[in-house]
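Worksheet for the structure shown next.
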Amino acid sequence: MTGELAAPHPVLGAVVVLGVLLVGTAIVTTADAVVADRVARRGLDLRASLVRPWRRIALSLVRPQPATERPDWGLWVLAPAAYVGMAAMAVSVLPLGTDWAVADVRTGIVVLGSAEVLAMVAVYLHGWAPNSPLSLVGAYRFVAAGLSFLLLSMFVLIAAALPAESMSLGRIVASQQEGAWNVLRQPLGLPLFLVVALSVSLHGPLDMADGTDLATGTVAESSGPARLAWEFGRRAMLTAYALATAVVFLAGPAGPVLPGWAWLAVKTVAVAVVLVWCGHRLGRIGIQRYVRIAWTVLLPLSFLHLAISGVAALA
Amino acid sequence: MTGLAVDIAFWTFAVAAAWFGWRVFRTDSMVRATFCLLASFLNVGAIMVLLLAEYLGVAMFFMMSVEMVVMAIFMVAFMMNPAGLNPMEMVHQPRAAIAVGIGAAVGLGVVAVVADLPPAALLDEAGTIRALGNELMGASMLLMEVVGVTLVATMVGAVVLSSASGRYGSADTGSVPPLLDPDDPDSRPDLVSADGEGDAHAGHGGHGGHGGHG
């Protein structure tokens, strides 16, 4: 069932995944505050940027949750948990060191794809559950986006699996160490995958579910701990996809001198900062334009990418 | 995993799959029914992973998830009540369905228990799988390719036909909203912008939101 990389005991593995998501979320939150201040040129008081997000988190813990008319409480509570769970599922199949992963299964990229699709289900249900118009619009909008970017993600991941001759992410890293990093030999893949990462983690210009143009969409009716849980989920998902980007395109833990996990951390944080920066620098895109560009420009590009990668892998 | 852990996991997934399958017909909302069905499928997928049919199990996760999301949206879109959110009955001809369901469950159960199934994976000594592969990728390759290209062309054609913008501009150019009151010619709502972009429906208000999930 497992690929080549060693796996820790399942309990330890679960703790590691949770740890990765928590640390990643803390880093993304901090990076977000710092980048926001830099972009807004709001003075360069680093201490203020570092403290502000944690104050907001502490404040939101004491806010009450308002009730809407006949919501589906069960789904409303479960949706953020499912979303975080999908981020955890994605992290569990990624190599976290030179020779180990929580579960380096042979079907790694299919599990990654499943996490993405089930995240779409979680976002949809999170918007549907409160029984409120703006949340519902956010939910449907995200499904429209989701059906567009899921195909992109699939083709990009299949292209990465071609030179590795395996769907295991451990093998994908190994094939990059033997040959060149995927960012070099599959140059179209990285930008396409960053689009997927921003979309699935509901960040920046591609945040179709929770955009401020919908008064924060699926979270419009959430407050207090419920909102905090959802915000944690978004950042956990960003962490998971930054990690996946680092593994699939930047050879994950490969690198000289430093241990594998340290290289992976450096690359992941770099990708996460790029994603956060995109979120603050690029303008929001409307859903019609998003879907049109995804189907008429990005999807053909991903076909081309797959064809080029296939020919390159055969050569 | 050890034997006991596998047994516990199997029974958990099996009971959950059956329970969610039952819930499909007991909820009163299309969306809930759809996602109960998805939950049932996910548990079946997990059982397949337990049976070491790893790819099939995981493929079931993502294929069924996309399918169910699309199904939920289409079912809601084609419901008579606003956004499909009003309570509704999830069963048709329940008596016949119960009889067929019990019959199928008993029949398949008997087969599973009585049949002499091989305890481990069999080697393909007769070469059946290889022959099938050769047939699909050899002599019938042209046929399969033609079928594949035809399917893609059909899908592209369907998208083009259903697309809001066409060769002569937006598909709803010149269309007129119906009268709100059939006897009053002045009750026609204002024409919405026909450029096909954005808020063609914004003026009608109240999509979703009303009616509750029931």
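Ligands are numbered from 1 in the order shown, residues from 1 within each chain, and chains are lettered A, B, ... in the order they appear in the structure tokens.
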
Q.
Contacts from chain A to chain B, 7 Å maximum, only C-alpha atoms: show me the residue list as number ranges by chain.
A. A: 1, 70, 107, 110-111, 113-114, 117-118, 121, 131-133, 136

(Q) Using DSSP assignments from the backbone, pull out every residue in segment 53-294 of chain A that falls under alpha helix (DSSP H) and give it to me as a PyMOL selection string. (A) chain A and resi 53-61+73-92+108-128+133-164+169-178+182-185+189-200+225-249+260-281+287-293

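The gap separating atom CA of Ala122 of chain A from atom CA of Pro66 of chain A is 20.9 Å, in Å to one decimal.
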
Q.
For a quick check of understanding, using only C-alpha atoms, which of A:Val23, A:Leu78, A:Ser148, A:Val62 has the smallest distance to Val196 of chain A?
A. A:Ser148

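In terms of minimum interatomic distance to Leu306 of chain A, A:Pro187 ranks closest within A:Pro187, A:Gly170, A:Gly233, A:Gly97, counting only C-alpha atoms.
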
Q) If you count only C-alpha atoms, which residues fall within 12 Å of Ala229 of chain A, apart from same-chain ones fewer than 2 positions away, as a list of chain:residue names? A) A:Leu22, A:Thr25, A:Ile57, A:Ser60, A:Leu61, A:Trp76, A:Val77, A:Leu78, A:Ala79, A:Pro80, A:Ala81, A:Ala82, A:Tyr83, A:Val84, A:Gly85, A:His126, A:Val219, A:Ser222, A:Ser223, A:Gly224, A:Pro225, A:Ala226, A:Arg227, A:Glu231, A:Phe232, A:Gly233, A:Arg234, A:Arg235, A:Ala236

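Atom CA of Ala36 of chain A to atom CA of Met86 of chain A spans 27.3 Å [interatomic distance, one decimal].
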
(Q) Going by DSSP on the backbone, which residues of segment 37-128 of chain A come out as strand (DSSP E or B)? List them as a ChimeraX atom specification. (A) /A:95,100-101,105
